[in-house]
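Have a look at the structure below, then the notes.
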Amino acid sequence: AQTGGTWSPALASGTGVLNPAVDVSATYTYTVAGIAPCVDDTATVEVIINQAPQAGNNNSITVCQNSPQQDLFALLGPNAQTGGTWSPALASGTS
């Protein structure tokens, strides 16, 4: 690729460096201006930014052997993503 081209849409960095924390999934087009009689040339890059998994927050609990059942998932906080697995597996087969 020839240097000196431009990206569209523009990246937050103002350069060709993608920052997945602030830039979005899109098809980015790199354009190099042609010098007459040559026309501009373009190339595209499709960027897909996947959401990082969120297992939740670390926590602890102390219970007695005869305490009622506890839902451990609730201890992970409000941002915990469902669909994970527990290790070691719990006898209940759930959380």
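Letters A, B, ... go to the chains of the structure tokens in the order shown; residues in each chain start at 1; ligands are counted from 1 in the same order.
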List every residue of chain A that DSSP, applied to the backbone of this structure, assigns to helix (DSSP H, G or I), and report them as a list in words.
Leu72, Phe73, Ala74, Leu75 and Leu76 of chain A
Excluding Thr15 (chain A) and any residue of its chain fewer than 6 positions from it, enumerate the residues within 10 Å of it, using only C-alpha atoms, and give them as JSON, numbers by chain.
{"A": [5, 6, 7]}
For the residues in the current selection, export C-alpha atoms as a compact mmCIF listing (two decimals), in the first residue's frame.
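Below is the file part-v8.txt, written as the result:
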# COMPACT_ATOMS: atom_id res chain seq x y z
CA GLY A 5 -3.77 8.10 1.57
CA THR A 6 -6.83 8.84 3.66
CA TRP A 7 -9.24 6.63 5.60
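Within 12 Å of Thr42 (chain A), once only C-alpha atoms are used and residues closer than 6 positions along the same chain are dropped, the contacting residues are Ala1, Gln2, Gly5, Thr6, Trp7, Ser8, Tyr28, Thr29, Tyr30, Thr31, Val32, Ala33 and Gly34 of chain A.
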Deliver the residues from the most recent selection as a file, using C-alpha atoms, as an mmCIF file, in the first residue's frame.
data_model
loop_
_atom_site.group_PDB
_atom_site.id
_atom_site.type_symbol
_atom_site.label_atom_id
_atom_site.label_comp_id
_atom_site.auth_asym_id
_atom_site.auth_seq_id
_atom_site.Cartn_x
_atom_site.Cartn_y
_atom_site.Cartn_z
ATOM 1 C CA ALA A 1 0.000 0.000 0.000
ATOM 2 C CA GLN A 2 1.195 3.479 -0.850
ATOM 3 C CA GLY A 5 -3.769 8.103 1.569
ATOM 4 C CA THR A 6 -6.833 8.836 3.664
ATOM 5 C CA TRP A 7 -9.243 6.626 5.603
ATOM 6 C CA SER A 8 -13.009 6.929 5.414
ATOM 7 C CA TYR A 28 -13.053 1.383 6.158
ATOM 8 C CA THR A 29 -11.883 2.646 2.770
ATOM 9 C CA TYR A 30 -8.290 3.722 2.124
ATOM 10 C CA THR A 31 -7.979 6.143 -0.793
ATOM 11 C CA VAL A 32 -4.770 7.199 -2.530
ATOM 12 C CA ALA A 33 -5.170 10.197 -4.852
ATOM 13 C CA GLY A 34 -4.189 9.593 -8.429
#
Out of chain A, which residues get strand (DSSP E) from DSSP, as a list in words?
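Output for chain A, strand (DSSP E) only: Thr6, Trp7, Ser8, Ala26, Thr27, Tyr28, Thr29, Tyr30, Thr31, Val32, Asp41, Thr42, Ala43, Thr44, Val45, Glu46 and Val47 of chain A.
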With a distance cut-off of 12 Å and only C-alpha atoms, select the neighbouring residues of region 66-69 of chain A, excluding the residue or stretch itself and same-chain residues fewer than 3 positions from it, and output the selection as an NGL selection string.
:A and (61-63 or 72 or 90-92 or 94-95)
Write the residues you've just listed into a file as a PDB file, in the first residue's frame, and include C-alpha atoms for each of them.
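The resulting selection-v9.pdb:
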ATOM      1  CA  ILE A  61     -19.413 -15.643  50.755  1.00  0.00           C
ATOM      2  CA  THR A  62     -19.304 -17.603  53.998  1.00  0.00           C
ATOM      3  CA  VAL A  63     -22.171 -19.978  54.723  1.00  0.00           C
ATOM      4  CA  LEU A  72     -23.670 -17.550  43.283  1.00  0.00           C
ATOM      5  CA  LEU A  90     -21.923 -27.308  41.404  1.00  0.00           C
ATOM      6  CA  ALA A  91     -24.008 -30.285  42.533  1.00  0.00           C
ATOM      7  CA  SER A  92     -27.173 -28.349  41.631  1.00  0.00           C
ATOM      8  CA  THR A  94     -26.980 -24.420  38.079  1.00  0.00           C
ATOM      9  CA  SER A  95     -25.443 -21.378  39.741  1.00  0.00           C
TER      10      SER A  95
END
To one decimal place, how far is CA of Gly56 (chain A) from CA of Leu75 (chain A) in Å?
8.5 Å
Report, in Å to a single decimal, how far apart CA of Gly4 (chain A) and CA of Asp41 (chain A) are.
12.1 Å
Given only C-alpha atoms as the counted atoms, nearest of A:Val45, A:Val22, A:Leu76, A:Ile35 to Asn58 (chain A)
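Of A:Val45, A:Val22, A:Leu76, A:Ile35, the one nearest Asn58 (chain A) is A:Leu76, counting only C-alpha atoms.
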What's the separation between CA of Ala26 (chain A) and CA of Gly84 (chain A), in Å to one decimal place?
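For CA of Ala26 (chain A) relative to CA of Gly84 (chain A), the distance reads 28.7 Å.
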Using only C-alpha atoms, which residue out of A:Ala55, A:Cys64, A:Ala10, A:Ile48 lies closest to Pro78 (chain A)?
A:Ala55
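The shortest atom-to-atom distance to Ala21 (chain A), with only C-alpha atoms taken into account, belongs to A:Gln51 out of A:Thr44, A:Thr3, A:Thr82, A:Gln51.
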